[in-house]
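The file protein_26.txt comes next; it holds compact mmCIF, C-alpha atoms and all ligand atoms.
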```txt
# COMPACT_ATOMS: atom_id res chain seq x y z
CA MET A 166 128.97 321.16 160.85
CA LYS A 167 131.45 319.24 162.92
CA THR A 168 130.54 317.93 166.34
CA THR A 169 132.11 315.92 169.14
CA ALA A 170 129.84 313.72 171.25
CA HIS A 171 130.37 315.14 174.74
CA ARG A 172 130.93 312.27 177.21
CA GLY A 173 129.49 310.03 174.47
CA LEU A 174 125.97 310.62 173.26
CA SER A 175 125.15 311.84 176.73
CA SER A 176 121.70 313.22 175.98
CA LEU A 177 120.45 309.72 175.21
CA ALA A 178 122.59 307.46 177.39
CA PRO A 179 124.49 307.76 180.68
CA GLU A 180 127.57 309.93 180.18
CA ASN A 181 131.03 308.39 179.93
CA THR A 182 129.77 304.81 179.53
CA ILE A 183 130.25 302.33 176.72
CA ALA A 184 126.50 302.61 176.05
CA ALA A 185 126.92 306.34 175.39
CA PHE A 186 129.94 305.66 173.15
CA GLU A 187 128.00 303.01 171.21
CA LEU A 188 125.12 305.41 170.60
CA ALA A 189 127.55 308.10 169.47
CA VAL A 190 129.07 305.71 166.93
CA LYS A 191 125.60 304.62 165.77
CA GLN A 192 124.72 308.28 165.29
CA GLY A 193 127.82 308.70 163.10
CA ALA A 194 130.22 310.46 165.48
CA GLU A 195 133.74 311.03 164.26
CA TRP A 196 134.82 312.28 167.70
CA ILE A 197 133.89 311.40 171.29
CA GLU A 198 135.01 313.45 174.30
CA ILE A 199 135.73 311.62 177.56
CA ASP A 200 136.93 312.67 181.02
CA VAL A 201 139.82 310.76 182.55
CA GLN A 202 141.17 310.58 186.10
CA LEU A 203 142.97 307.99 188.25
CA SER A 204 141.56 305.34 190.56
CA GLN A 205 143.13 304.64 193.93
CA GLU A 206 145.67 302.25 192.39
CA LYS A 207 146.38 304.81 189.62
CA VAL A 208 144.45 303.19 186.79
CA PRO A 209 142.99 305.77 184.36
CA VAL A 210 139.19 305.62 184.45
CA VAL A 211 136.51 307.46 182.51
CA ILE A 212 134.28 309.55 184.75
CA HIS A 213 133.69 313.28 185.04
CA ASP A 214 133.11 314.23 188.66
CA LYS A 215 135.56 314.05 191.53
CA THR A 216 133.12 311.66 193.21
CA VAL A 217 130.97 308.81 191.97
CA ASN A 218 127.90 310.25 193.67
CA ARG A 219 126.05 311.83 190.73
CA CYS A 220 126.57 309.19 188.06
CA THR A 221 126.59 305.91 189.94
CA ASN A 222 124.69 304.20 192.74
CA GLY A 223 127.69 304.60 195.05
CA SER A 224 129.37 307.39 196.94
CA GLY A 225 132.91 308.54 197.52
CA ALA A 226 135.88 310.05 195.74
CA VAL A 227 137.07 308.35 192.55
CA ALA A 228 140.69 308.79 193.65
CA GLU A 229 140.01 306.81 196.83
CA MET A 230 138.29 303.88 195.15
CA THR A 231 139.93 300.80 193.69
CA ILE A 232 139.09 299.51 190.24
CA ARG A 233 137.27 296.62 191.87
CA GLN A 234 135.12 299.07 193.86
CA LEU A 235 134.46 301.27 190.83
CA LYS A 236 133.55 298.31 188.65
CA ALA A 237 131.04 297.12 191.23
CA LEU A 238 129.02 300.33 190.81
CA ASP A 239 126.06 300.78 188.49
CA ALA A 240 126.80 303.79 186.27
CA GLY A 241 123.63 303.55 184.19
CA LEU A 242 120.68 303.25 186.52
CA TRP A 243 120.72 306.94 187.48
CA PHE A 244 119.97 307.71 183.83
CA GLY A 245 117.28 305.08 183.30
CA GLU A 246 116.31 301.50 183.93
CA ALA A 247 117.33 300.57 180.36
CA TYR A 248 120.94 301.27 181.31
CA ARG A 249 121.09 299.18 184.47
CA ASP A 250 124.48 297.42 184.79
CA GLU A 251 126.49 299.91 182.75
CA CYS A 252 129.80 300.35 184.50
CA VAL A 253 132.53 302.94 184.80
CA PRO A 254 134.88 302.20 181.88
CA THR A 255 138.63 302.21 182.15
CA LEU A 256 140.60 304.29 179.67
CA ALA A 257 141.99 301.04 178.25
CA GLU A 258 138.49 299.70 177.54
CA THR A 259 137.52 302.99 175.94
CA LEU A 260 140.62 303.06 173.73
CA LEU A 261 139.90 299.51 172.59
CA PHE A 262 136.33 300.57 171.79
CA ALA A 263 137.63 303.55 169.80
CA GLN A 264 140.04 301.36 167.88
CA ARG A 265 137.33 298.81 167.08
CA HIS A 266 134.92 301.47 165.83
CA HIS A 267 137.43 303.84 164.21
CA VAL A 268 136.20 306.74 166.29
CA LYS A 269 138.52 309.48 167.52
CA LEU A 270 138.88 310.34 171.20
CA ASN A 271 139.24 313.74 172.80
CA ILE A 272 140.73 312.70 176.14
CA GLU A 273 140.11 315.41 178.71
CA LEU A 274 142.67 315.11 181.49
CA LYS A 275 140.68 315.92 184.61
CA VAL A 276 142.74 317.52 187.34
CA TYR A 277 141.13 318.06 190.71
CA LYS A 278 142.73 319.81 193.67
CA GLY A 279 145.57 317.71 195.06
CA ASP A 280 145.86 315.41 192.03
CA ASP A 281 149.33 314.38 190.90
CA ILE A 282 149.40 315.76 187.34
CA LYS A 283 152.62 314.03 186.32
CA LEU A 284 151.33 310.69 187.46
CA LEU A 285 148.00 311.17 185.66
CA CYS A 286 149.84 311.96 182.42
CA GLN A 287 152.29 309.09 182.81
CA GLN A 288 149.53 306.58 183.49
CA VAL A 289 147.49 307.79 180.51
CA LYS A 290 150.55 307.55 178.28
CA THR A 291 151.26 303.99 179.46
CA VAL A 292 147.71 302.84 178.67
CA ILE A 293 147.74 304.47 175.23
CA GLU A 294 151.03 302.77 174.43
CA ASP A 295 149.82 299.41 175.75
CA VAL A 296 146.69 299.55 173.59
CA ASP A 297 148.79 300.95 170.75
CA VAL A 298 146.44 303.66 169.55
CA ALA A 299 147.63 305.84 166.67
CA PRO A 300 148.37 309.42 167.79
CA ASP A 301 146.14 310.90 165.08
CA GLN A 302 143.15 309.13 166.64
CA LEU A 303 143.62 311.18 169.80
CA LEU A 304 143.49 314.71 171.13
CA PHE A 305 144.35 315.65 174.71
CA SER A 306 142.55 318.54 176.33
CA SER A 307 142.65 319.97 179.81
CA PHE A 308 141.84 323.05 181.85
CA SER A 309 145.26 322.38 183.38
CA THR A 310 148.01 323.93 181.25
CA SER A 311 150.50 321.97 183.38
CA ALA A 312 148.93 318.69 182.28
CA LEU A 313 149.21 319.75 178.64
CA GLN A 314 152.83 320.83 179.18
CA GLN A 315 153.54 317.44 180.67
CA MET A 316 151.95 315.68 177.70
CA GLN A 317 153.91 317.91 175.33
CA HIS A 318 157.02 316.61 177.07
CA ILE A 319 156.20 312.88 177.32
CA MET A 320 153.82 312.31 174.36
CA PRO A 321 154.53 315.09 171.89
CA THR A 322 152.94 313.34 168.90
CA VAL A 323 149.42 313.57 170.35
CA ARG A 324 147.74 316.92 169.68
CA ARG A 325 146.92 319.22 172.58
CA GLY A 326 143.91 321.47 173.14
CA GLN A 327 143.73 324.08 175.89
CA LEU A 328 140.40 324.27 177.69
CA TRP A 329 139.30 327.65 179.00
CA GLN A 330 135.91 328.82 180.07
CA LYS A 331 136.75 332.29 178.73
CA ILE A 332 139.78 332.69 176.50
CA PRO A 333 142.24 334.87 178.49
CA ASP A 334 144.08 337.93 177.22
CA ASN A 335 147.43 336.11 177.26
CA ALA A 336 146.03 333.12 175.34
CA LEU A 337 148.35 333.36 172.36
CA SER A 338 151.58 333.13 174.33
CA LEU A 339 150.25 330.21 176.40
CA LEU A 340 149.14 328.41 173.24
CA ASP A 341 152.52 329.01 171.68
CA ASP A 342 154.28 327.61 174.76
CA ILE A 343 152.40 324.32 174.68
CA GLU A 344 152.42 324.13 170.86
CA ALA A 345 148.67 323.78 170.98
CA TYR A 346 146.55 322.36 168.21
CA SER A 347 143.26 323.68 169.45
CA VAL A 348 141.43 325.97 171.86
CA HIS A 349 138.29 324.66 173.57
CA CYS A 350 136.13 327.30 175.22
CA ASP A 351 132.69 327.74 176.73
CA TYR A 352 130.49 329.03 173.90
CA ARG A 353 128.75 331.44 176.28
CA PHE A 354 131.98 333.41 176.76
CA LEU A 355 133.17 333.54 173.15
CA ASP A 356 132.87 336.66 171.01
CA GLU A 357 133.50 337.10 167.32
CA ALA A 358 136.68 339.17 167.64
CA THR A 359 138.32 336.62 169.92
CA ALA A 360 137.26 333.76 167.65
CA ARG A 361 138.76 335.50 164.62
CA THR A 362 142.02 336.21 166.47
CA ILE A 363 142.41 332.56 167.48
CA LYS A 364 141.63 331.41 163.94
CA SER A 365 144.01 333.92 162.39
CA LYS A 366 146.84 332.25 164.30
CA GLY A 367 145.99 328.86 162.83
CA TYR A 368 144.47 327.12 165.85
CA GLN A 369 141.41 324.92 165.73
CA LEU A 370 138.60 326.46 167.74
CA TYR A 371 136.12 324.26 169.57
CA CYS A 372 133.17 325.26 171.75
CA TYR A 373 131.65 323.34 174.63
CA THR A 374 128.75 322.57 175.37
CA PRO A 375 126.13 324.21 173.13
CA ASN A 376 123.05 322.02 173.32
CA PHE A 377 120.84 324.21 171.13
CA PRO A 378 122.28 324.60 167.59
CA ASP A 379 120.43 327.89 167.07
CA LEU A 380 122.41 329.51 169.89
CA VAL A 381 125.65 329.03 167.97
CA ALA A 382 124.39 329.39 164.40
CA ASP A 383 126.63 332.44 163.83
CA TYR A 384 129.68 330.84 165.34
CA TRP A 385 130.44 328.80 162.22
CA ASP A 386 130.88 332.07 160.31
CA TRP A 387 133.29 333.26 162.99
CA GLY A 388 135.45 330.22 162.13
CA VAL A 389 134.54 327.88 164.98
CA ASP A 390 135.47 324.38 163.83
CA MET A 391 133.71 322.08 166.27
CA MET A 392 130.86 321.99 168.77
CA ILE A 393 131.39 319.61 171.68
CA THR A 394 127.79 318.82 172.49
CA ASP A 395 125.45 316.40 174.26
CA VAL A 396 123.16 316.52 171.21
CA PRO A 397 125.22 315.95 168.04
CA GLN A 398 122.05 314.42 166.57
CA ASP A 399 120.48 317.92 166.54
CA TYR A 400 123.21 319.43 164.34
CA LYS A 401 123.26 319.18 160.57
CA VAL A 402 125.90 316.79 159.29
CA ALA A 403 129.12 318.44 158.06
CA SER A 404 129.10 318.76 154.30
O1 LIG B 501 135.94 319.08 176.99
C1 LIG B 501 134.88 319.96 177.02
C2 LIG B 501 134.09 319.89 178.29
O2 LIG B 501 133.89 318.54 178.61
C3 LIG B 501 134.78 320.59 179.43
O3 LIG B 501 134.02 320.66 180.60
O4 LIG B 501 133.15 319.93 182.75
O5 LIG B 501 132.12 319.04 180.67
O6 LIG B 501 134.38 318.29 181.37
P1 LIG B 501 133.39 319.42 181.38
MG MG B 502 134.91 317.02 179.70
```
Kindly return the structure encoded in the file as structure tokens.
Amino acid sequence: MKTTAHRGLSSLAPENTIAAFELAVKQGAEWIEIDVQLSQEKVPVVIHDKTVNRCTNGSGAVAEMTIRQLKALDAGLWFGEAYRDECVPTLAETLLFAQRHHVKLNIELKVYKGDDIKLLCQQVKTVIEDVDVAPDQLLFSSFSTSALQQMQHIMPTVRRGQLWQKIPDNALSLLDDIEAYSVHCDYRFLDEATARTIKSKGYQLYCYTPNFPDLVADYWDWGVDMMITDVPQDYKVAS
């Protein structure tokens, strides 16, 4: 059974930190999912929420904070004393980690209201090229079809996965337009017929974020390829 460590091994370490990525690698992860957005000076950073409030000891919008301000925050203490001094990683640091450990990255392009999608994509592309990561080590995903279209245009060699909570009726034409590799959907909204349709068209089908393997036991038979989960350690290893 294939899994992606969602935000790193986020059940055992603070999400989207190097500590969580290290634990994922230790646990044998082939894939890690991360969330990427831009700092005030347009540096891609790895953090999920629009603000730093939930996952750091600071407060404020990520997009309004400089790298220096973000790096000064503790991104581990909220999870547990053992993770004091973890910091918000940049995308560059995370790509270097992935290269060093031969782990693949599902880069989720986070787009919040008012974000400049073109700029986000351009900045992500620049960092990937600077670090010189092989395209087959990466997969872009986003709820924003525009972000995926932009990546299709400026970085066509990196695969693209469309994120949807529920797969819409017009999914196939949208997927065709962006030449998608994969569909990533909320497991709670997936049914067998839809799964089989997506698979019959040759797309990879991923589900987020099933944290109890029993809940999705049938989904493998439907053709689902990957579970993006906080608890990859609870799934049987792919044979
Ligand atoms: O990429 C799958 C999943 O991470 C999408 O939702 O909110 O956890 O980023 P979210
Ligand atoms: Mg995500």
Practice task
Could you tell me, counting all atoms listed in the file, which protein and nucleic acid residues lie no more than 7 Å from ligand LIG 501 (chain B), written as number ranges by chain?
Solution key: A: 171, 198, 200, 213, 273, 306, 328, 349, 373-374, 393
Distance query 9 Å from (127.1, 313.9, 177.4) using all atoms listed in the file, result as a compact mmCIF listing (two decimals) with C-alpha atoms, in the frame of the given file:
```txt
# COMPACT_ATOMS: atom_id res chain seq x y z
CA ALA A 170 129.84 313.72 171.25
CA HIS A 171 130.37 315.14 174.74
CA ARG A 172 130.93 312.27 177.21
CA GLY A 173 129.49 310.03 174.47
CA LEU A 174 125.97 310.62 173.26
CA SER A 175 125.15 311.84 176.73
CA SER A 176 121.70 313.22 175.98
CA LEU A 177 120.45 309.72 175.21
CA ALA A 178 122.59 307.46 177.39
CA PRO A 179 124.49 307.76 180.68
CA GLU A 180 127.57 309.93 180.18
CA ASN A 181 131.03 308.39 179.93
CA ALA A 185 126.92 306.34 175.39
CA GLU A 198 135.01 313.45 174.30
CA ILE A 199 135.73 311.62 177.56
CA THR A 394 127.79 318.82 172.49
CA ASP A 395 125.45 316.40 174.26
CA VAL A 396 123.16 316.52 171.21
```
Exercise for the section: Considering only C-alpha atoms and all ligand atoms, state which residue in the set A:Leu188, A:Ala240, A:Ile197, A:Ala247 is at the smallest distance from ligand MG 502 (chain B). Expected result: A:Ile197
Handout entry: Residue nearest ligand MG 502 (chain B) among A:Val201, A:Leu242, A:Val389, A:Cys372 (counting only C-alpha atoms and all ligand atoms)
Key =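 Among A:Val201, A:Leu242, A:Val389, A:Cys372, it is A:Val201 that comes nearest to ligand MG 502 (chain B).
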Produce a table with one row for each residue of region 183-236 of chain A that has an atom at most 6 Å from any atom of region 248-255 of chain A, each row naming the nearest atom pair and its distance in Å at one decimal; use all atoms listed in the file; arrange rows by chain and rising residue number; format as JSON lines.
```
{"residue": "A:Val210", "atom": "CA", "partner": "A:Thr255", "partner_atom": "CA", "distance": 4.2}
{"residue": "A:Val211", "atom": "CA", "partner": "A:Pro254", "partner_atom": "CA", "distance": 5.5}
{"residue": "A:Lys236", "atom": "CA", "partner": "A:Cys252", "partner_atom": "CA", "distance": 6.0}
```
File of the preceding selection, C-alpha atoms, as a PDB file, keeping the file's coordinate frame:
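The result, stored in result_2.pdb:
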```pdb
ATOM      1  CA  VAL A 210     139.190 305.620 184.450  1.00  0.00           C
ATOM      2  CA  VAL A 211     136.510 307.460 182.510  1.00  0.00           C
ATOM      3  CA  LYS A 236     133.550 298.310 188.650  1.00  0.00           C
TER       4      LYS A 236
END
```
Fill in the blank from the handout: Nearest to Ala226 (chain A), restricted to all atoms listed in the file and choosing among A:Asp280, A:Asn271, A:Gln330, A:Ala184, comes out as A:Asp280
Exercise for the section: Could you tell me which of A:Thr322, A:Gln192, A:Thr182, A:Gln314 comes closest to Phe262 (chain A) if we count only C-alpha atoms? Expected result: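 Under the stated criterion, the closest residue is A:Thr182.
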Problem - Atomic distance CA of Asp399 (chain A) - CA of Lys364 (chain A), expressed in Å with one decimal - result: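 Straight-line distance from CA of Asp399 (chain A) to CA of Lys364 (chain A) works out to 25.2 Å.
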Handout entry: Separation of CA of Leu340 (chain A) from CA of Leu270 (chain A) in Å
Key =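 Atom-to-atom, CA of Leu270 (chain A) to CA of Leu340 (chain A), that is 20.9 Å.
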Under the rule of at most 8 Å, produce a per-residue listing of region 191-265 of chain A near region 292-302 of chain A: chain, number, name, the closest pair of atoms, and the distance in Å, as CSV, using only C-alpha atoms.
```
residue,atom,partner,partner_atom,distance
A:Pro209,CA,A:Val292,CA,8.0
A:Leu256,CA,A:Val292,CA,7.3
A:Ala257,CA,A:Val292,CA,6.0
A:Leu260,CA,A:Val296,CA,7.0
A:Leu261,CA,A:Val296,CA,6.9
A:Gln264,CA,A:Val298,CA,7.0
```
Restricting the output to C-alpha atoms, write the selected residues as a PDB file, keeping the file's coordinate frame.
```
ATOM      1  CA  PRO A 209     142.990 305.770 184.360  1.00  0.00           C
ATOM      2  CA  LEU A 256     140.600 304.290 179.670  1.00  0.00           C
ATOM      3  CA  ALA A 257     141.990 301.040 178.250  1.00  0.00           C
ATOM      4  CA  LEU A 260     140.620 303.060 173.730  1.00  0.00           C
ATOM      5  CA  LEU A 261     139.900 299.510 172.590  1.00  0.00           C
ATOM      6  CA  GLN A 264     140.040 301.360 167.880  1.00  0.00           C
TER       7      GLN A 264
END
```
Exercise for the section: Between A:Asp379, A:Asp214, A:Asp334, A:Asp281, single out the one closest to ligand MG 502 (chain B), counting only C-alpha atoms and all ligand atoms. Expected result: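 Counting only C-alpha atoms and all ligand atoms, the residue closest to ligand MG 502 (chain B) is A:Asp214.
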Problem - Pick from A:Leu380, A:Leu304, A:Leu274, A:Ile332 nearest to Ala360 (chain A), counting only C-alpha atoms - result: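 For Ala360 (chain A), the nearest of the given residues is A:Ile332.
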With 3 Å on each side, where is the centre of the axis-aligned box around all listed atoms of region 242-248 of chain A, and how long are its edges in Å to one decimal, as lines of an AutoDock Vina configuration file?
```
center_x = 118.6
center_y = 304.1
center_z = 183.9
size_x = 10.6
size_y = 13.1
size_z = 13.1
```
Exercise for the section: State, in Å with one decimal place, the distance from CA of Glu229 (chain A) to CA of Gln287 (chain A). Expected result: 18.8 Å
Practice task
Take the point (149.3, 311.7, 183.4) as written in the file and pick out every residue within 12 Å of it, counting only C-alpha atoms; give the list as a ChimeraX atom specification.
Solution key: /A:201-203,207-210,272-276,280-293,305-307,309,311-320
Problem - All residues 9 Å or closer to Asp390 (chain A), only C-alpha atoms, same chain fewer than 2 positions away omitted, as a PyMOL selection string - result: chain A and resi 166-168+369-372+384-385+388+392
